[in-house]
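Everything below belongs to model25.cif, which stores mmCIF, C-alpha atoms and all ligand atoms.
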```
data_start
#
loop_
_atom_site.label_atom_id
_atom_site.label_comp_id
_atom_site.auth_asym_id
_atom_site.auth_seq_id
_atom_site.Cartn_x
_atom_site.Cartn_y
_atom_site.Cartn_z
CA MET A 1487 -54.53 -37.30 109.07
CA ASN A 1488 -55.17 -37.42 105.30
CA LEU A 1489 -53.06 -37.74 102.18
CA THR A 1490 -52.08 -34.34 100.79
CA PRO A 1491 -51.80 -33.88 97.01
CA VAL A 1492 -48.34 -32.38 96.31
CA THR A 1493 -50.05 -29.66 94.30
CA GLU A 1494 -51.77 -28.53 97.48
CA ILE A 1495 -48.55 -27.87 99.42
CA ASP A 1496 -47.91 -24.12 99.52
CA ILE A 1497 -44.49 -24.23 97.87
CA ARG A 1498 -44.49 -20.51 97.13
CA GLY A 1499 -45.09 -19.75 100.80
CA LEU A 1500 -42.29 -22.14 101.77
CA ALA A 1501 -39.95 -20.44 99.28
CA GLU A 1502 -40.52 -17.12 101.06
CA ILE A 1503 -38.98 -18.24 104.35
CA TYR A 1504 -35.29 -18.19 105.14
CA ASP A 1505 -33.04 -17.46 108.07
CA ASP A 1506 -29.45 -16.32 108.69
CA PHE A 1507 -28.69 -19.72 110.16
CA ASP A 1508 -29.25 -23.36 109.26
CA VAL A 1509 -32.48 -23.81 111.16
CA TYR A 1510 -34.81 -25.40 108.58
CA LEU A 1511 -34.97 -29.17 108.48
CA SER A 1512 -36.46 -30.83 105.40
CA VAL A 1513 -37.13 -34.57 105.34
CA TYR A 1514 -38.33 -36.72 102.44
CA LEU A 1515 -39.02 -40.39 103.16
CA PRO A 1516 -40.57 -43.17 101.08
CA THR A 1517 -43.04 -45.33 103.03
CA ALA A 1518 -44.55 -47.53 100.32
CA SER A 1519 -42.82 -50.83 101.05
CA LYS A 1520 -42.57 -52.84 104.24
CA ASP A 1521 -38.82 -52.54 104.70
CA ASP A 1522 -38.89 -48.76 104.25
CA GLU A 1523 -39.38 -48.15 107.95
CA ALA A 1524 -36.13 -49.82 108.98
CA LYS A 1525 -34.27 -48.11 106.13
CA ASN A 1526 -35.78 -44.74 107.08
CA ARG A 1527 -34.76 -45.15 110.72
CA ALA A 1528 -31.17 -45.98 109.77
CA PHE A 1529 -31.08 -43.12 107.27
CA VAL A 1530 -32.51 -40.51 109.66
CA ASP A 1531 -30.16 -41.68 112.43
CA GLY A 1532 -27.12 -41.40 110.17
CA ARG A 1533 -28.10 -37.98 108.83
CA LYS A 1534 -28.90 -36.73 112.32
CA ARG A 1535 -25.41 -37.61 113.53
CA ALA A 1536 -23.72 -36.19 110.44
CA ILE A 1537 -25.63 -32.89 110.62
CA GLU A 1538 -25.01 -32.49 114.34
CA ALA A 1539 -21.29 -33.12 113.89
CA ALA A 1540 -21.08 -30.51 111.15
CA LEU A 1541 -22.93 -27.77 113.06
CA PRO A 1542 -21.11 -25.14 115.13
CA GLN A 1543 -21.47 -25.71 118.88
CA GLU A 1544 -23.99 -22.90 119.44
CA GLN A 1545 -26.42 -24.32 116.84
CA LYS A 1546 -26.43 -27.95 117.99
CA GLU A 1547 -29.05 -27.40 120.68
CA SER A 1548 -31.58 -25.79 118.36
CA PHE A 1549 -31.09 -28.67 115.88
CA ARG A 1550 -31.80 -31.17 118.68
CA GLU A 1551 -34.99 -29.26 119.50
CA THR A 1552 -36.04 -29.40 115.87
CA MET A 1553 -35.33 -33.15 115.75
CA ALA A 1554 -37.42 -33.59 118.89
CA ILE A 1555 -40.50 -32.07 117.24
CA VAL A 1556 -40.23 -34.24 114.11
CA ASP A 1557 -39.17 -37.49 115.79
CA ASP A 1558 -42.71 -38.23 116.96
CA HIS A 1559 -44.06 -37.87 113.46
CA LEU A 1560 -41.51 -39.52 111.20
CA PHE A 1561 -42.27 -43.16 111.93
CA GLU A 1562 -46.01 -43.21 112.42
CA LYS A 1563 -47.90 -46.07 110.75
CA PRO A 1564 -48.65 -45.38 107.07
CA ILE A 1565 -52.28 -44.58 106.26
CA PRO A 1566 -54.08 -46.22 103.29
CA GLY A 1567 -52.61 -45.11 99.93
CA GLU A 1568 -49.61 -43.46 101.55
CA ARG A 1569 -46.27 -43.79 99.75
CA GLY A 1570 -44.18 -41.15 101.42
CA TRP A 1571 -43.62 -38.31 103.84
CA ILE A 1572 -42.54 -34.72 103.33
CA VAL A 1573 -41.68 -32.76 106.46
CA PHE A 1574 -40.46 -29.20 106.98
CA ALA A 1575 -39.59 -28.22 110.54
CA SER A 1576 -37.75 -25.69 112.64
CA ALA A 1577 -37.97 -25.34 116.40
CA PRO A 1578 -36.42 -21.82 116.46
CA ALA A 1579 -38.75 -20.62 113.69
CA THR A 1580 -41.73 -22.59 115.13
CA LEU A 1581 -42.45 -24.35 111.87
CA LEU A 1582 -43.84 -27.84 111.60
CA ALA A 1583 -45.43 -28.94 108.32
CA VAL A 1584 -46.03 -32.67 107.89
CA TYR A 1585 -47.43 -34.08 104.66
CA ARG A 1586 -48.33 -37.67 103.90
CA VAL A 1587 -48.33 -38.15 100.15
CA GLY A 1588 -49.53 -40.77 97.67
CA ILE A 1589 -46.33 -40.68 95.61
CA GLU A 1590 -42.88 -41.89 96.50
CA PRO A 1591 -40.13 -39.35 97.23
CA ALA A 1592 -36.43 -40.25 97.28
CA ARG A 1593 -34.87 -40.26 100.75
CA ALA A 1594 -33.37 -36.90 101.72
CA MET A 1595 -32.74 -35.04 104.95
CA VAL A 1596 -31.28 -31.56 104.78
CA LEU A 1597 -30.67 -28.77 107.28
CA ASP A 1598 -30.41 -25.40 105.59
CA THR A 1599 -31.21 -21.71 105.90
CA SER A 1600 -34.51 -22.36 104.10
CA PRO A 1601 -36.75 -25.35 103.36
CA PHE A 1602 -35.24 -27.65 100.70
CA LEU A 1603 -37.83 -27.52 97.93
CA LEU A 1604 -36.30 -28.99 94.75
CA PRO A 1605 -37.47 -32.60 95.35
CA LEU A 1606 -41.00 -31.34 96.02
CA ALA A 1607 -40.86 -29.10 92.96
CA LYS A 1608 -39.87 -32.05 90.76
CA LEU A 1609 -42.67 -34.21 92.16
CA ARG A 1610 -45.13 -31.41 91.45
CA ASP A 1611 -43.81 -31.18 87.91
CA ASP A 1612 -44.39 -34.90 87.29
CA TYR A 1613 -47.66 -35.27 89.17
CA SER A 1614 -50.03 -32.52 88.19
CA ASP A 1615 -53.73 -32.95 88.92
CA TYR A 1616 -55.88 -34.27 86.08
CA GLY A 1617 -59.35 -35.54 85.37
CA VAL A 1618 -60.42 -38.89 83.93
CA LEU A 1619 -63.86 -39.28 82.39
CA LEU A 1620 -64.73 -42.96 81.99
CA LEU A 1621 -67.90 -43.51 79.99
CA ASP A 1622 -70.03 -45.64 77.70
CA SER A 1623 -73.47 -44.86 76.31
CA LYS A 1624 -75.28 -45.32 79.62
CA GLU A 1625 -72.79 -44.68 82.39
CA ALA A 1626 -70.20 -42.01 83.13
CA ARG A 1627 -67.73 -41.75 86.00
CA LEU A 1628 -65.66 -38.63 86.49
CA PHE A 1629 -62.47 -38.86 88.54
CA CYS A 1630 -60.05 -36.23 89.71
CA VAL A 1631 -56.57 -37.72 90.16
CA ARG A 1632 -54.32 -35.80 92.53
CA SER A 1633 -50.86 -37.19 93.34
CA ASP A 1634 -52.00 -40.63 92.17
CA VAL A 1635 -55.06 -40.66 94.42
CA PRO A 1636 -58.27 -40.86 92.36
CA VAL A 1637 -61.42 -39.31 93.80
CA GLU A 1638 -64.71 -40.07 92.08
CA MET A 1639 -66.36 -36.68 91.58
CA SER A 1640 -69.58 -37.91 90.03
CA HIS A 1641 -71.28 -40.98 88.65
CA LEU A 1642 -74.09 -40.57 86.15
CA SER A 1643 -76.12 -43.32 84.58
CA THR A 1644 -79.21 -43.74 82.48
CA ASP A 1645 -81.41 -46.71 81.74
CA LEU A 1646 -81.89 -46.50 77.99
CA MET A 1647 -83.77 -49.76 77.51
CA ASN A 1648 -86.33 -49.28 80.25
CA LYS A 1649 -87.20 -45.79 79.13
CA HIS A 1650 -88.23 -47.04 75.73
CA LYS A 1651 -89.54 -50.51 76.42
CA LYS A 1652 -93.23 -49.92 75.84
CA GLY A 1653 -95.07 -50.17 72.57
CA GLY A 1654 -94.47 -52.14 69.42
CA TRP A 1655 -91.90 -49.93 67.78
CA SER A 1656 -90.19 -50.79 64.62
CA GLN A 1657 -86.47 -51.45 64.92
CA MET A 1658 -85.79 -48.21 63.07
CA ARG A 1659 -87.88 -46.13 65.44
CA PHE A 1660 -86.33 -47.85 68.41
CA ASN A 1661 -82.82 -47.09 67.14
CA ARG A 1662 -83.70 -43.47 66.53
CA LEU A 1663 -85.10 -43.07 70.02
CA ARG A 1664 -82.12 -44.84 71.51
CA LYS A 1665 -79.73 -42.51 69.68
CA GLY A 1666 -81.63 -39.51 70.98
CA ALA A 1667 -81.51 -40.88 74.51
CA ILE A 1668 -77.76 -41.43 74.29
CA LYS A 1669 -77.29 -37.92 73.01
CA SER A 1670 -79.28 -36.40 75.84
CA PHE A 1671 -77.37 -38.53 78.34
CA LEU A 1672 -74.07 -37.35 76.88
CA SER A 1673 -75.09 -33.70 77.05
CA GLU A 1674 -75.86 -34.25 80.70
CA VAL A 1675 -72.32 -35.65 81.09
CA VAL A 1676 -70.83 -32.68 79.22
CA GLU A 1677 -72.54 -30.29 81.61
CA ASP A 1678 -71.30 -32.26 84.59
CA VAL A 1679 -67.70 -32.28 83.31
CA GLN A 1680 -67.82 -28.57 82.55
CA ASP A 1681 -69.07 -27.86 86.02
CA SER A 1682 -66.29 -29.90 87.68
CA CYS A 1683 -63.55 -28.53 85.45
CA SER A 1684 -64.48 -24.96 86.26
CA ARG A 1685 -64.19 -25.72 89.96
CA TYR A 1686 -60.82 -27.50 89.86
CA LYS A 1687 -57.55 -26.42 88.36
CA THR A 1688 -56.25 -29.42 86.46
CA ARG A 1689 -53.77 -30.05 83.69
CA GLY A 1690 -56.55 -31.49 81.54
CA ILE A 1691 -58.81 -34.45 81.13
CA VAL A 1692 -58.41 -38.00 79.80
CA VAL A 1693 -61.55 -39.35 78.13
CA ALA A 1694 -61.76 -43.15 78.35
CA GLY A 1695 -64.24 -45.93 77.80
CA PRO A 1696 -65.01 -49.10 75.88
CA GLY A 1697 -67.02 -48.02 72.83
CA ASP A 1698 -67.88 -45.11 70.60
CA ALA A 1699 -69.60 -42.93 73.22
CA LYS A 1700 -66.30 -41.32 74.24
CA HIS A 1701 -65.68 -40.02 70.70
CA GLN A 1702 -69.27 -38.82 70.49
CA LEU A 1703 -68.83 -36.95 73.76
CA VAL A 1704 -65.57 -35.30 72.71
CA GLU A 1705 -67.33 -33.97 69.60
CA MET A 1706 -70.02 -32.48 71.78
CA LEU A 1707 -67.60 -30.60 74.05
CA PRO A 1708 -67.47 -26.81 73.69
CA ALA A 1709 -64.21 -25.69 72.02
CA GLU A 1710 -62.74 -24.39 75.26
CA MET A 1711 -63.20 -27.79 76.93
CA GLY A 1712 -62.09 -29.69 73.86
CA LYS A 1713 -58.67 -28.09 74.12
CA ARG A 1714 -58.28 -29.61 77.55
CA VAL A 1715 -58.72 -33.20 76.39
CA LEU A 1716 -55.30 -34.83 76.80
CA ALA A 1717 -56.17 -38.12 75.12
CA VAL A 1718 -59.06 -40.43 74.21
CA VAL A 1719 -58.34 -44.04 75.13
CA ASP A 1720 -59.99 -47.48 75.37
CA LEU A 1721 -60.70 -48.69 78.88
CA PRO A 1722 -63.37 -50.99 80.33
CA ILE A 1723 -66.19 -49.08 82.04
CA ASP A 1724 -65.54 -50.97 85.30
CA ALA A 1725 -61.75 -50.44 85.22
CA PRO A 1726 -60.30 -50.52 88.75
CA GLU A 1727 -58.95 -47.24 90.11
CA LYS A 1728 -55.37 -48.54 89.94
CA GLU A 1729 -55.68 -49.04 86.17
CA ILE A 1730 -57.34 -45.64 85.72
CA VAL A 1731 -54.38 -43.98 87.46
CA GLU A 1732 -51.78 -46.00 85.52
CA VAL A 1733 -53.31 -45.09 82.17
CA GLY A 1734 -53.84 -41.46 83.22
CA ASP A 1735 -50.31 -41.05 84.60
CA GLU A 1736 -48.73 -42.25 81.41
CA ILE A 1737 -50.71 -39.76 79.32
CA VAL A 1738 -50.15 -36.84 81.67
CA LEU A 1739 -46.44 -37.55 82.03
CA ALA A 1740 -46.06 -37.71 78.23
CA ASP A 1741 -47.90 -34.39 77.98
CA GLU A 1742 -45.58 -32.87 80.60
CA ARG A 1743 -42.48 -34.19 78.78
CA ALA A 1744 -43.75 -32.73 75.51
CA ARG A 1745 -44.27 -29.36 77.16
CA SER A 1746 -40.79 -29.42 78.71
CA THR A 1747 -39.23 -30.25 75.36
CA GLU A 1748 -41.14 -27.37 73.79
CA ARG A 1749 -39.83 -24.98 76.43
CA ALA A 1750 -36.26 -26.22 75.97
CA GLU A 1751 -36.57 -25.73 72.22
CA GLU A 1752 -37.98 -22.25 72.68
CA LEU A 1753 -34.99 -21.44 74.90
CA ARG A 1754 -32.52 -22.73 72.32
CA ALA A 1755 -34.23 -20.81 69.50
CA GLU A 1756 -34.15 -17.57 71.49
CA ILE A 1757 -30.48 -18.06 72.34
CA LEU A 1758 -29.60 -18.71 68.69
CA LYS A 1759 -31.21 -15.50 67.48
CA GLY A 1760 -30.00 -13.47 70.47
CA GLY A 1761 -33.57 -13.10 71.70
CA LEU A 1762 -35.29 -13.21 75.07
CA ALA A 1763 -33.35 -15.94 76.82
CA VAL A 1764 -30.23 -16.51 78.89
CA LEU A 1765 -28.12 -19.56 79.68
CA GLY A 1766 -25.83 -20.43 82.57
CA VAL A 1767 -25.85 -19.70 86.30
CA GLU A 1768 -24.69 -16.07 86.34
CA ALA A 1769 -26.96 -14.69 83.63
CA THR A 1770 -29.93 -16.68 84.93
CA LYS A 1771 -29.41 -15.50 88.48
CA GLU A 1772 -29.19 -11.91 87.33
CA ALA A 1773 -32.36 -12.20 85.24
CA LEU A 1774 -34.26 -13.76 88.15
CA GLY A 1775 -32.97 -11.12 90.56
CA ALA A 1776 -34.11 -8.33 88.27
CA GLY A 1777 -37.55 -9.93 87.82
CA ARG A 1778 -36.94 -10.34 84.09
CA ALA A 1779 -37.25 -14.13 83.95
CA SER A 1780 -40.65 -15.51 82.98
CA VAL A 1781 -39.63 -19.17 83.00
CA LEU A 1782 -36.69 -20.75 84.80
CA VAL A 1783 -35.69 -23.80 82.76
CA LEU A 1784 -33.75 -26.49 84.64
CA LEU A 1785 -32.34 -29.83 83.66
CA LYS A 1786 -33.90 -32.30 86.04
CA ASP A 1787 -30.59 -33.62 87.35
CA ALA A 1788 -28.83 -30.25 87.44
CA SER A 1789 -26.84 -29.63 90.60
CA ILE A 1790 -24.22 -26.93 91.00
CA PRO A 1791 -22.20 -26.61 94.20
CA GLY A 1792 -21.54 -23.09 95.42
CA TRP A 1793 -22.17 -20.83 98.38
CA ILE A 1794 -24.60 -18.19 99.56
CA CYS A 1795 -24.20 -15.24 101.92
CA GLU A 1796 -26.86 -15.64 104.61
CA ARG A 1797 -27.08 -11.87 105.03
CA CYS A 1798 -27.07 -10.31 101.56
CA GLN A 1799 -28.07 -13.49 99.68
CA ILE A 1800 -25.23 -13.18 97.18
CA ILE A 1801 -24.64 -16.52 95.41
CA GLU A 1802 -21.45 -17.77 93.83
CA ALA A 1803 -21.29 -21.00 91.83
CA ARG A 1804 -18.42 -23.46 91.63
CA LYS A 1805 -16.56 -22.00 94.65
CA ARG A 1806 -16.08 -23.11 98.24
CA PRO A 1807 -17.67 -20.69 100.72
CA PRO A 1808 -15.23 -18.04 102.01
CA ASP A 1809 -15.18 -17.55 105.82
CA THR A 1810 -17.18 -14.36 105.49
CA CYS A 1811 -18.96 -12.69 102.59
CA PRO A 1812 -16.55 -10.44 100.62
CA THR A 1813 -19.42 -8.02 99.95
CA CYS A 1814 -21.01 -7.58 103.36
CA GLY A 1815 -18.97 -9.63 105.84
CA GLY A 1816 -21.96 -11.86 106.62
CA PRO A 1817 -21.86 -15.59 107.34
CA THR A 1818 -21.68 -17.93 104.34
CA SER A 1819 -22.74 -21.51 103.75
CA PRO A 1820 -22.40 -24.08 101.01
CA VAL A 1821 -25.48 -24.57 98.82
CA ASP A 1822 -26.76 -26.24 95.71
CA VAL A 1823 -27.06 -23.17 93.50
CA VAL A 1824 -29.93 -24.82 91.59
CA GLU A 1825 -32.04 -24.89 94.77
CA GLU A 1826 -31.30 -21.20 95.35
CA LEU A 1827 -32.29 -20.34 91.78
CA TYR A 1828 -35.48 -22.32 92.22
CA GLU A 1829 -36.39 -20.42 95.38
CA LEU A 1830 -35.59 -17.13 93.68
CA ALA A 1831 -37.92 -18.10 90.83
CA GLU A 1832 -40.74 -18.90 93.24
CA ARG A 1833 -40.24 -15.63 95.10
CA THR A 1834 -40.23 -13.55 91.93
CA GLY A 1835 -43.21 -15.29 90.36
CA ALA A 1836 -41.30 -16.98 87.53
CA GLU A 1837 -42.61 -20.31 86.26
CA VAL A 1838 -40.26 -23.28 86.60
CA GLU A 1839 -39.87 -25.98 83.98
CA PHE A 1840 -37.87 -29.15 84.56
CA VAL A 1841 -36.45 -30.71 81.43
CA GLU A 1842 -35.45 -34.37 81.26
CA GLU A 1843 -32.71 -34.08 78.62
CA ASP A 1844 -31.40 -31.27 76.45
CA THR A 1845 -27.93 -30.82 75.00
CA CYS A 1846 -28.16 -27.03 74.85
CA LEU A 1847 -29.04 -26.79 78.55
CA ALA A 1848 -26.52 -29.47 79.45
CA SER A 1849 -23.76 -27.37 77.88
CA SER A 1850 -24.50 -24.57 80.35
CA GLU A 1851 -24.75 -26.48 83.62
CA GLY A 1852 -28.43 -27.29 83.10
CA VAL A 1853 -29.66 -23.77 83.83
CA GLY A 1854 -31.36 -21.12 81.69
CA ALA A 1855 -34.30 -18.76 81.59
CA LEU A 1856 -36.82 -17.32 79.17
CA LEU A 1857 -37.15 -13.56 79.66
CA ARG A 1858 -40.14 -11.26 79.82
CA TYR A 1859 -38.24 -8.42 78.14
ZN ZN A 1901 -23.06 -10.82 102.02
#
```
Give the structure from this file in structure tokens form.
Amino acid sequence: MNLTPVTEIDIRGLAEIYDDFDVYLSVYLPTASKDDEAKNRAFVDGRKRAIEAALPQEQKESFRETMAIVDDHLFEKPIPGERGWIVFASAPATLLAVYRVGIEPARAMVLDTSPFLLPLAKLRDDYSDYGVLLLDSKEARLFCVRSDVPVEMSHLSTDLMNKHKKGGWSQMRFNRLRKGAIKSFLSEVVEDVQDSCSRYKTRGIVVAGPGDAKHQLVEMLPAEMGKRVLAVVDLPIDAPEKEIVEVGDEIVLADERARSTERAEELRAEILKGGLAVLGVEATKEALGAGRASVLVLLKDASIPGWICERCQIIEARKRPPDTCPTCGGPTSPVDVVEELYELAERTGAEVEFVEEDTCLASSEGVGALLRY
């Protein structure tokens, strides 16, 4: 089994599935440190007992069956680079999706009417795929970093000195030839980067290296590619992969934060002028339901208790679930309304933006949306 980048998990597909009953088990476990295994075992054991105790008699058996299909997988030995597990399973719905990931999730184990996707969605928000081009005037290494796992896509090099060793050139002529050789090497690199970037969907590219070649290369990039450069930074040409990822992560995370802040500000501006935006659970839910929301904007730590009707999917925030749905008489269950809004966004094709901090959003339970019309 291999590490799966979180961006590769079909979250939209997972958001499509739900059931009338609590049959979907979602498990998130960190596996990076040595004592995680013991902690995970104790955690899973405790949650298993708590969930079983809370289930009605007729659903206990199907939960045990679901536990039986994940039990074999949960405590397997970590593979190189692994820092966590994400598992979605349901025996009655014959679902088993097991992902080993290179980033560390917080421990969670939830049984619900649909897969619990918020933790995965937040990880995907923080860890988008990006490229790192590490170069000097005679060597270039292109990496694609996905969920903190760098893969070297290509390695180009040129031997400038040997090419131009012969003959008794003047220093000036030698320098001119050397410059030309560097330039032709860099255009080769540009082509290579362009080729890779058209094949992979990434947030952008970090250009790094020790000297001036990186700036020279950035100037040579076509405008379209230039826009995708996230930062140009100093880094030794033989930087270890760990350092490449650390430097890249910091840049990409800052870029993501900047984008979130922009979105939050756009939301606030639209609200102030009575434009295309809504705030708060009810208005946001309505906009999502009607397909009017283009971006669901969520505070990262937003969590709103409420309930959902398993039959007609009606959601009510800040209330305990009634015995049966007042609209259709269907069964009800307690939910985090934020998770339901997230799933609704995925199903209706709205983008989702997680915002770290924002007073405007915080004043309306951390929930809002930008509207299409
Ligand atoms: Zn109902």
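Between ligand ZN 1901 (chain A) and the residues A:Gln1543, A:Ser1633, A:Asp1506, A:Ser1643, the shortest atom-to-atom distance, using all atoms listed in the file, involves A:Asp1506.
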Hey, which bits of chain A sit within 10 Å of ligand ZN 1901 (chain A), and for each residue what's the closest pair of atoms and how far apart in Å (one decimal), counting all atoms listed in the file, rows by chain and increasing number, as JSON lines?
```
{"residue": "A:Ile1794", "atom": "CA", "partner": "A:ZN1901", "partner_atom": "ZN", "distance": 7.9}
{"residue": "A:Cys1795", "atom": "CA", "partner": "A:ZN1901", "partner_atom": "ZN", "distance": 4.6}
{"residue": "A:Glu1796", "atom": "CA", "partner": "A:ZN1901", "partner_atom": "ZN", "distance": 6.7}
{"residue": "A:Arg1797", "atom": "CA", "partner": "A:ZN1901", "partner_atom": "ZN", "distance": 5.1}
{"residue": "A:Cys1798", "atom": "CA", "partner": "A:ZN1901", "partner_atom": "ZN", "distance": 4.1}
{"residue": "A:Gln1799", "atom": "CA", "partner": "A:ZN1901", "partner_atom": "ZN", "distance": 6.1}
{"residue": "A:Ile1800", "atom": "CA", "partner": "A:ZN1901", "partner_atom": "ZN", "distance": 5.8}
{"residue": "A:Ile1801", "atom": "CA", "partner": "A:ZN1901", "partner_atom": "ZN", "distance": 8.9}
{"residue": "A:Thr1810", "atom": "CA", "partner": "A:ZN1901", "partner_atom": "ZN", "distance": 7.7}
{"residue": "A:Cys1811", "atom": "CA", "partner": "A:ZN1901", "partner_atom": "ZN", "distance": 4.5}
{"residue": "A:Pro1812", "atom": "CA", "partner": "A:ZN1901", "partner_atom": "ZN", "distance": 6.7}
{"residue": "A:Thr1813", "atom": "CA", "partner": "A:ZN1901", "partner_atom": "ZN", "distance": 5.0}
{"residue": "A:Cys1814", "atom": "CA", "partner": "A:ZN1901", "partner_atom": "ZN", "distance": 4.1}
{"residue": "A:Gly1815", "atom": "CA", "partner": "A:ZN1901", "partner_atom": "ZN", "distance": 5.7}
{"residue": "A:Gly1816", "atom": "CA", "partner": "A:ZN1901", "partner_atom": "ZN", "distance": 4.8}
{"residue": "A:Pro1817", "atom": "CA", "partner": "A:ZN1901", "partner_atom": "ZN", "distance": 7.2}
{"residue": "A:Thr1818", "atom": "CA", "partner": "A:ZN1901", "partner_atom": "ZN", "distance": 7.6}
```
Residues around (-37.9, -9.6, 82.1), cut-off 10 Å, counting only C-alpha atoms - what are they as a compact mmCIF listing (two decimals) with C-alpha atoms, in the frame of the given file?
```txt
# COMPACT_ATOMS: atom_id res chain seq x y z
CA LEU A 1762 -35.29 -13.21 75.07
CA ALA A 1763 -33.35 -15.94 76.82
CA ALA A 1773 -32.36 -12.20 85.24
CA LEU A 1774 -34.26 -13.76 88.15
CA GLY A 1775 -32.97 -11.12 90.56
CA ALA A 1776 -34.11 -8.33 88.27
CA GLY A 1777 -37.55 -9.93 87.82
CA ARG A 1778 -36.94 -10.34 84.09
CA ALA A 1779 -37.25 -14.13 83.95
CA SER A 1780 -40.65 -15.51 82.98
CA VAL A 1781 -39.63 -19.17 83.00
CA ALA A 1836 -41.30 -16.98 87.53
CA ALA A 1855 -34.30 -18.76 81.59
CA LEU A 1856 -36.82 -17.32 79.17
CA LEU A 1857 -37.15 -13.56 79.66
CA ARG A 1858 -40.14 -11.26 79.82
CA TYR A 1859 -38.24 -8.42 78.14
```
Neighbour list for A:Phe1507 as a list in words, cut-off 9 Å, all atoms listed in the file, skip fewer than 5 positions in-chain: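 Near A:Phe1507, the qualifying residues are Gln1545, Asp1598, Thr1599, Ser1600, Glu1796, Pro1817 and Ser1819 of chain A.
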Would you export the selected residues with C-alpha atoms as a short mmCIF file (atom, residue, chain, number, x, y, z; two decimals), in the frame of the given file, please?
```cif
data_model
loop_
_atom_site.label_atom_id
_atom_site.label_comp_id
_atom_site.auth_asym_id
_atom_site.auth_seq_id
_atom_site.Cartn_x
_atom_site.Cartn_y
_atom_site.Cartn_z
CA GLN A 1545 -26.42 -24.32 116.84
CA ASP A 1598 -30.41 -25.40 105.59
CA THR A 1599 -31.21 -21.71 105.90
CA SER A 1600 -34.51 -22.36 104.10
CA GLU A 1796 -26.86 -15.64 104.61
CA PRO A 1817 -21.86 -15.59 107.34
CA SER A 1819 -22.74 -21.51 103.75
#
```
Separation of atom CA of A:Asp1681 from atom CA of A:Met1487 in Å: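 Straight-line distance from atom CA of A:Met1487 to atom CA of A:Asp1681 works out to 28.8 Å.
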Padded axis-aligned box of stretch 1710-1715 of chain A (8 Å per side), centre and edge lengths, Å, one decimal, as lines of an AutoDock Vina configuration file:
```
center_x = -60.7
center_y = -28.8
center_z = 75.7
size_x = 20.9
size_y = 24.8
size_z = 19.7
```
Option closest in space to A:Thr1517, from A:Arg1593, A:Arg1569, A:Arg1806, A:Arg1749 [counting all atoms listed in the file]: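 That would be A:Arg1569, the residue with the smallest distance to A:Thr1517.
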Pull the closest atom pair for each residue of stretch 1552-1644 of chain A that gets at most 10 Å from stretch 1697-1707 of chain A, along with the distance in Å to one decimal, counting only C-alpha atoms, ordering rows by chain and then ascending residue number, as CSV.
```
residue,atom,partner,partner_atom,distance
A:Leu1619,CA,A:Lys1700,CA,8.7
A:Leu1620,CA,A:Lys1700,CA,8.1
A:Leu1621,CA,A:Lys1700,CA,6.4
A:Asp1622,CA,A:Ala1699,CA,5.3
A:Ser1623,CA,A:Ala1699,CA,5.3
A:Lys1624,CA,A:Ala1699,CA,8.9
A:Glu1625,CA,A:Ala1699,CA,9.9
A:Ala1626,CA,A:Lys1700,CA,9.7
```
Between atom CA of A:Ala1579 and atom CA of A:Arg1535, distance in Å (one decimal):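 Those two atoms sit 21.6 Å apart.
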Separation of atom CA of A:Gly1766 from atom CA of A:Ala1744 in Å: 22.9 Å
Selected residue, from A:Leu1758, A:Leu1642, A:Ile1730, A:Ala1575, that lies nearest to A:Leu1672 when counting all atoms listed in the file: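 Under the stated criterion, the closest residue is A:Leu1642.
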Write a file for stretch 1784-1802 of chain A of the given structure; include C-alpha atoms and format it as a PDB file, in the first residue's frame.
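As written to disk, selection-v1.pdb reads:
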```pdb
ATOM      1  CA  LEU A1784     -16.277  28.769   7.238  1.00  0.00           C
ATOM      2  CA  LEU A1785     -14.311  29.712  10.306  1.00  0.00           C
ATOM      3  CA  LYS A1786     -11.890  26.870  10.834  1.00  0.00           C
ATOM      4  CA  ASP A1787     -13.055  26.104  14.366  1.00  0.00           C
ATOM      5  CA  ALA A1788     -16.760  26.642  13.677  1.00  0.00           C
ATOM      6  CA  SER A1789     -19.006  23.984  15.169  1.00  0.00           C
ATOM      7  CA  ILE A1790     -22.756  24.323  15.595  1.00  0.00           C
ATOM      8  CA  PRO A1791     -24.792  21.604  17.288  1.00  0.00           C
ATOM      9  CA  GLY A1792     -28.165  20.838  15.766  1.00  0.00           C
ATOM     10  CA  TRP A1793     -30.113  18.025  14.175  1.00  0.00           C
ATOM     11  CA  ILE A1794     -30.961  16.639  10.764  1.00  0.00           C
ATOM     12  CA  CYS A1795     -33.942  14.659   9.495  1.00  0.00           C
ATOM     13  CA  GLU A1796     -32.546  11.493   7.918  1.00  0.00           C
ATOM     14  CA  ARG A1797     -35.456  11.363   5.470  1.00  0.00           C
ATOM     15  CA  CYS A1798     -36.045  14.895   4.184  1.00  0.00           C
ATOM     16  CA  GLN A1799     -32.613  16.269   5.168  1.00  0.00           C
ATOM     17  CA  ILE A1800     -34.072  19.283   6.961  1.00  0.00           C
ATOM     18  CA  ILE A1801     -31.480  20.834   9.304  1.00  0.00           C
ATOM     19  CA  GLU A1802     -32.096  22.876  12.415  1.00  0.00           C
TER      20      GLU A1802
END
```
